[in-house]
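Peer 1: The structure's right below; bear with me while I get my questions together.
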Amino acid sequence: MRFYSLVFWLLCLSLLAAPRPGHAQTPAPRPVATVSKDSVRALGLSNETGQLKRLDSLRRQNTTQVAQLQLELQTLKNVPNRARERELLTQLQALRIVDSMRRVRARVYIDSLRQFAKGYPVVAHADTLFYVYTRFGPFRPQERAALTASKILDLEKQAFFRPDSLSLVPSEQTVDLMYADRVLQSVSDNDALWQHVSKDSLARQHRHAIIRAVTAYQQANSVKTYLRQAALTLLVLLVFYFVIRYVNKLFGWVRGKLVARKGTWFTGMKMGTYEFFNADWQLNAVLLLLTLLQWTVILLTVYLVLPIVFSIFPGTQGIADMLVGFVLNPLRKILHSIWNYLPNLFTIVVIVMVFRYLLKFIYSLKEGVRQGTLTIDGFYPDWANPTYQIVRVLVFAFALVVIFPYLPGSDSPIFQGVSVFLGFLLTFGSAGSLSNIVAGLVLTYMRAFKLGDRVKIGDVTGDIIERSLLVTRVRTIKNEEITIPNSSVMSSHTTNYSTAAPTRGLILHTTVTIGYDVPWKQVHALLLAAAAQVEELLPDPAPFVLQTSLDDFYVSYQLNAYTRAAGAQAGIYSRIHQHIQDNFNEAGLEIMSPHYRANRDGNMVTIPASYLPADYVIPSFRVEQPPTNGQPTNDPATH
């Protein structure tokens, strides 16, 4: 009964003294912002390992009690006392149970610290050998790590270092790593708990790491190693010398070949009669590029040789790594970025393929409408191409909107700022262009004209040779190409001569003025005969003549005739005028616009002869002699 009561009270004592799991998982308080990173780690580990110190204190107390009980058991062998011996054994067993439970509690607490606590490395020549997580006695973890590292550096200076002399010496609480009579490190139970191994196993691991580091350092700094490194350096430099020498010879040989081919390979560059480069300039430019290539190869060779030379010596290994890193790190970042971007790239490829086949489908519809195989009510075939271009722009814009989030850097503020700036420039810099584009769209669907039509836009007359969203180009009959902005076309009136010419015919008209003394029927006949002699004028509908005005001295006769050759107006007008001249000359009629002065007593009237009476006599001029002495004369000879 006494045994169970003793075990019960010891268990209660161990539970009260042991750390609570809830407290073990409480994170360290937030450090002040001005504390450095190492200070924060030291503060966190120092606070949290306080619980481990209390556990270690209990362990030492239990160890002391166990030692006392074992000593008392030894004394009972001389004076036998069975009752007291059983009591001591019971107490000893209870202490061992409590110590086992303490170990379990300590392991659980260390595992809870492992998620945020980090150890301090023991570093020798930039090589981390192992880490220290807990404090031992008055030494904090970082102090233990620094002290062990300094002892290892001192050990490396031993000229006759013997690995067998680095031994493990177990003590009551630790396993010490000793070289000769000097302790390099002490491995405690808490150190072993952090690594989930025993003290002896952890001590052997540290011993192996120290031996490896010291041996490697001494081998790297031995005379034999220095001689081998010097020989390798000379070999590398010798290879470098021959490489540079033969590179110069190669480029010199190429330079000689180029100079020898001056007349065949280098003949100058001409465009028409203008010579951009003569043979000498062309050769000098090629030789300059060859020199730049030569120096590039030399500098690249030097850059490759330097890391090799620096990597031979351990002291300059960092420089070699830095030089190689200047090239490999950017390449590694680029390749890593490309690898990470591959999913987005595949997404963009899929989007592009979808929109590509969508555009092909729209293009097939456009071709069907343009060729007339697909008919849509109210949609003209000449609308197919411009409508396709508009839909194509919209599809591209929508595709860009879909692809934009997958572009690299699309979510960066710089990328977005540049996009806004470009949009601002496009909006305010293309105001005039936008008005022309809108006018071009309106003209397209107004169907005011099409390619090949003879039109008159403002004061410009000619054939439409190009029509785009921005401008309309017209070729005049003098082969002058005139570019008119679509906004100007919209703001002026347009006359289309070709719209009705193929069906109803275009009416060409010209006007002549003939005096009142010529019968109008004769003039009509002569004008119609002239129209009939021109092949481009249609006989049906028949030409006709209009008397457009009765002026003071003449009559205006307008000849009108139909034609389907709207683009040949200049030639048709010329031939009409030729035949009019011929017909009137053959009829003995002068084409003029007469003007008269009022001398009606001696001139024939301008009424045609067919309208005059048969006894009409052209009157003569009447001239009277001035009176003599105030008396008029009646001499008939004066009349």
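Labeling convention for the structure tokens: chains A, B, ... as they appear, residues from 1 per chain, ligands from 1 in order of appearance.
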Just want the 12 Å neighbourhood of Val132 (chain A), counted on only C-alpha atoms, with same-chain residues fewer than 4 positions away dropped. Output as number ranges by chain.

Peer 2: A: 42, 45, 117-123, 128, 136, 139-149, 185-188, 190-195, 202, 206

Peer 1: Would you output that residue set with C-alpha atoms, as a PDB file, in the first residue's frame?

Peer 2:
```
ATOM      1  CA  ALA A  42      17.369  34.298 -29.504  1.00  0.00           C
ATOM      2  CA  LEU A  45      14.292  30.333 -27.901  1.00  0.00           C
ATOM      3  CA  ALA A 117      11.933  27.767 -33.442  1.00  0.00           C
ATOM      4  CA  LYS A 118      15.141  27.557 -35.483  1.00  0.00           C
ATOM      5  CA  GLY A 119      18.578  26.516 -34.382  1.00  0.00           C
ATOM      6  CA  TYR A 120      21.856  28.398 -34.609  1.00  0.00           C
ATOM      7  CA  PRO A 121      24.366  26.916 -37.052  1.00  0.00           C
ATOM      8  CA  VAL A 122      27.884  25.873 -36.197  1.00  0.00           C
ATOM      9  CA  VAL A 123      29.751  27.184 -39.247  1.00  0.00           C
ATOM     10  CA  THR A 128      27.283  24.490 -41.751  1.00  0.00           C
ATOM     11  CA  PHE A 136      23.225  24.436 -21.620  1.00  0.00           C
ATOM     12  CA  PHE A 139      25.214  29.455 -22.304  1.00  0.00           C
ATOM     13  CA  ARG A 140      22.472  30.398 -24.728  1.00  0.00           C
ATOM     14  CA  PRO A 141      22.123  28.492 -28.020  1.00  0.00           C
ATOM     15  CA  GLN A 142      23.867  31.160 -30.130  1.00  0.00           C
ATOM     16  CA  GLU A 143      26.727  31.353 -27.606  1.00  0.00           C
ATOM     17  CA  ARG A 144      27.143  27.587 -27.670  1.00  0.00           C
ATOM     18  CA  ALA A 145      27.192  27.570 -31.494  1.00  0.00           C
ATOM     19  CA  ALA A 146      29.748  30.408 -31.687  1.00  0.00           C
ATOM     20  CA  LEU A 147      31.974  28.847 -29.005  1.00  0.00           C
ATOM     21  CA  THR A 148      31.948  25.431 -30.710  1.00  0.00           C
ATOM     22  CA  ALA A 149      32.736  27.025 -34.111  1.00  0.00           C
ATOM     23  CA  GLN A 185      31.054  20.414 -27.337  1.00  0.00           C
ATOM     24  CA  SER A 186      28.748  18.878 -24.748  1.00  0.00           C
ATOM     25  CA  VAL A 187      25.658  17.040 -25.983  1.00  0.00           C
ATOM     26  CA  SER A 188      22.787  17.087 -23.469  1.00  0.00           C
ATOM     27  CA  ASN A 190      17.638  18.220 -24.657  1.00  0.00           C
ATOM     28  CA  ASP A 191      19.969  18.345 -27.667  1.00  0.00           C
ATOM     29  CA  ALA A 192      19.218  14.702 -28.332  1.00  0.00           C
ATOM     30  CA  LEU A 193      15.482  15.249 -27.924  1.00  0.00           C
ATOM     31  CA  TRP A 194      15.554  17.982 -30.595  1.00  0.00           C
ATOM     32  CA  GLN A 195      17.081  15.506 -33.066  1.00  0.00           C
ATOM     33  CA  LEU A 202      24.013  12.705 -31.728  1.00  0.00           C
ATOM     34  CA  HIS A 206      28.797  15.763 -34.462  1.00  0.00           C
TER      35      HIS A 206
END
```

Peer 1: Quick one: residues within 7 Å of region 511-524 of chain A, only C-alpha atoms counted, chain neighbours fewer than 4 positions away excluded, as a PyMOL selection string?

Peer 2: chain A and resi 528+545+553-559+591-594+606-608

Peer 1: If you count only C-alpha atoms, which residues fall within 10 Å of region 400-407 of chain A, apart from same-chain ones fewer than 2 positions away, as a count of residues only?

Peer 2: 18

Peer 1: As a PyMOL selection string, which residues of region 446-573 of chain A does DSSP assign to strand (DSSP E or B)?

Peer 2: chain A and resi 454-457+460-467+471-475+481-485+494-496+506-515+537+544-550+554-563

Peer 1: Give the alpha helix (DSSP H) residues of region 204-449 of chain A, as DSSP finds them on the backbone, and put them as an MDAnalysis selection string.

Peer 2: chainID A and resid 204:220 223:260 279:312 317:371 384:403 413:429 431:446

Peer 1: I want to know what sits within 7 Å of region 459-476 of chain A, based on only C-alpha atoms, with residues of the same chain fewer than 3 positions away left out; could you give that as a list in words?

Peer 2: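 Here the answer would be Ser433, Asn436, Ile437, Gly440, Leu441, Lys450, Leu451, Gly452, Asp453, Arg454, Val455, Lys456, Asn479, Glu480, Glu481, Ile482, Thr483, Ile484, Pro485 and Asn486 of chain A.
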
Peer 1: Once you have the residues from the selection above, write them out as a tab-separated table (two decimals), in the first residue's frame, restricted to N, CA and C atoms.

Peer 2:
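As written to disk, part-v2.tsv reads:
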```
chain	number	residue	atom	x	y	z
A	433	SER	N	-8.49	60.92	-87.21
A	433	SER	CA	-8.58	59.60	-87.85
A	433	SER	C	-9.89	58.91	-87.51
A	436	ASN	N	-12.59	60.18	-89.68
A	436	ASN	CA	-12.50	59.60	-91.03
A	436	ASN	C	-12.97	58.15	-91.04
A	437	ILE	N	-12.67	57.41	-89.97
A	437	ILE	CA	-13.11	56.01	-89.92
A	437	ILE	C	-14.63	55.93	-89.85
A	440	GLY	N	-15.94	56.73	-93.16
A	440	GLY	CA	-15.74	55.61	-94.08
A	440	GLY	C	-16.79	54.53	-93.88
A	441	LEU	N	-17.14	54.24	-92.62
A	441	LEU	CA	-18.19	53.26	-92.37
A	441	LEU	C	-19.54	53.73	-92.90
A	450	LYS	N	-18.75	52.79	-105.64
A	450	LYS	CA	-17.95	51.59	-105.47
A	450	LYS	C	-16.72	51.71	-106.34
A	451	LEU	N	-15.81	50.76	-106.21
A	451	LEU	CA	-14.57	50.80	-106.98
A	451	LEU	C	-14.87	50.79	-108.47
A	452	GLY	N	-14.19	51.67	-109.20
A	452	GLY	CA	-14.36	51.74	-110.65
A	452	GLY	C	-15.41	52.74	-111.11
A	453	ASP	N	-16.22	53.29	-110.20
A	453	ASP	CA	-17.26	54.25	-110.59
A	453	ASP	C	-16.63	55.57	-110.99
A	454	ARG	N	-17.24	56.21	-112.02
A	454	ARG	CA	-16.86	57.58	-112.39
A	454	ARG	C	-17.71	58.52	-111.55
A	455	VAL	N	-17.03	59.33	-110.70
A	455	VAL	CA	-17.74	60.18	-109.76
A	455	VAL	C	-17.17	61.59	-109.83
A	456	LYS	N	-17.92	62.50	-109.24
A	456	LYS	CA	-17.45	63.87	-109.04
A	456	LYS	C	-17.67	64.20	-107.57
A	479	ASN	N	-4.84	61.07	-115.31
A	479	ASN	CA	-4.04	60.12	-114.52
A	479	ASN	C	-3.46	60.77	-113.26
A	480	GLU	N	-4.19	61.67	-112.69
A	480	GLU	CA	-3.82	62.27	-111.41
A	480	GLU	C	-4.55	61.51	-110.30
A	481	GLU	N	-3.79	61.04	-109.32
A	481	GLU	CA	-4.39	60.34	-108.19
A	481	GLU	C	-4.58	61.33	-107.04
A	482	ILE	N	-5.80	61.52	-106.66
A	482	ILE	CA	-6.15	62.50	-105.63
A	482	ILE	C	-6.71	61.74	-104.43
A	483	THR	N	-6.13	62.01	-103.25
A	483	THR	CA	-6.56	61.37	-102.00
A	483	THR	C	-7.47	62.33	-101.25
A	484	ILE	N	-8.68	61.86	-100.95
A	484	ILE	CA	-9.67	62.69	-100.27
A	484	ILE	C	-10.02	62.02	-98.95
A	485	PRO	N	-9.85	62.71	-97.80
A	485	PRO	CA	-10.29	62.11	-96.52
A	485	PRO	C	-11.79	61.85	-96.53
A	486	ASN	N	-12.18	60.78	-95.91
A	486	ASN	CA	-13.60	60.40	-95.91
A	486	ASN	C	-14.47	61.45	-95.23
```

Peer 1: In terms of the shortest atom-to-atom distance over only C-alpha atoms, which of A:Ala220, A:Leu227, A:Val418, A:Ala448 is closest to Thr499 (chain A)?

Peer 2: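 Of A:Ala220, A:Leu227, A:Val418, A:Ala448, the one nearest Thr499 (chain A), counting only C-alpha atoms, is A:Ala448.
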
Peer 1: Any idea what the distance is between CA of Gln371 (chain A) and CA of Gln389 (chain A)?

Peer 2: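 Straight-line distance from CA of Gln371 (chain A) to CA of Gln389 (chain A) works out to 16.7 Å.
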
Peer 1: Mind checking which residues fall within 10 Å of Ala124 (chain A), counting only C-alpha atoms, ignoring those fewer than 2 positions away in the same chain, and posting them as a list in words?

Peer 2: Pro121, Val122, Ala126, Asp127, Thr128, Leu129, Thr148, Ala149, Ser150, Lys151, Ile152, Leu153, Glu156, Ile210, Ala213, Val214 and Tyr217 of chain A

Peer 1: Output C-alpha atoms of each residue in that selection to a file, as a short mmCIF file (atom, residue, chain, number, x, y, z; two decimals), in the first residue's frame.

Peer 2:
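Result file is out-v4.cif:
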```cif
data_model
loop_
_atom_site.label_atom_id
_atom_site.label_comp_id
_atom_site.auth_asym_id
_atom_site.auth_seq_id
_atom_site.Cartn_x
_atom_site.Cartn_y
_atom_site.Cartn_z
CA PRO A 121 24.37 26.92 -37.05
CA VAL A 122 27.88 25.87 -36.20
CA ALA A 126 30.96 28.89 -44.80
CA ASP A 127 30.10 25.22 -44.23
CA THR A 128 27.28 24.49 -41.75
CA LEU A 129 28.19 21.40 -39.72
CA THR A 148 31.95 25.43 -30.71
CA ALA A 149 32.74 27.02 -34.11
CA SER A 150 35.73 28.91 -32.66
CA LYS A 151 37.09 25.71 -31.10
CA ILE A 152 36.76 23.89 -34.45
CA LEU A 153 38.67 26.71 -36.19
CA GLU A 156 42.00 23.18 -37.89
CA ILE A 210 33.90 17.91 -37.13
CA ALA A 213 35.43 19.57 -41.79
CA VAL A 214 38.89 19.66 -40.19
CA TYR A 217 40.29 22.12 -44.54
#
```

Peer 1: To one decimal in Å, tell me the separation between CA of Phe313 (chain A) and CA of Ser222 (chain A).

Peer 2: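 Going from CA of Phe313 (chain A) over to CA of Ser222 (chain A) covers 11.8 Å.
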
Peer 1: Using only C-alpha atoms, which residue out of A:Thr510, A:Leu304, A:Thr387, A:Leu238 lies closest to Arg575 (chain A)?

Peer 2: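 Checking each candidate against Arg575 (chain A), we get A:Thr510 as the closest.
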
Peer 1: Return the single residue from A:His509, A:Arg162, A:Lys366, A:Arg245 that is closest to Asn560 (chain A), with distances computed using only C-alpha atoms.

Peer 2: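 Going through A:His509, A:Arg162, A:Lys366, A:Arg245 one by one, the smallest distance to Asn560 (chain A) is for A:His509.
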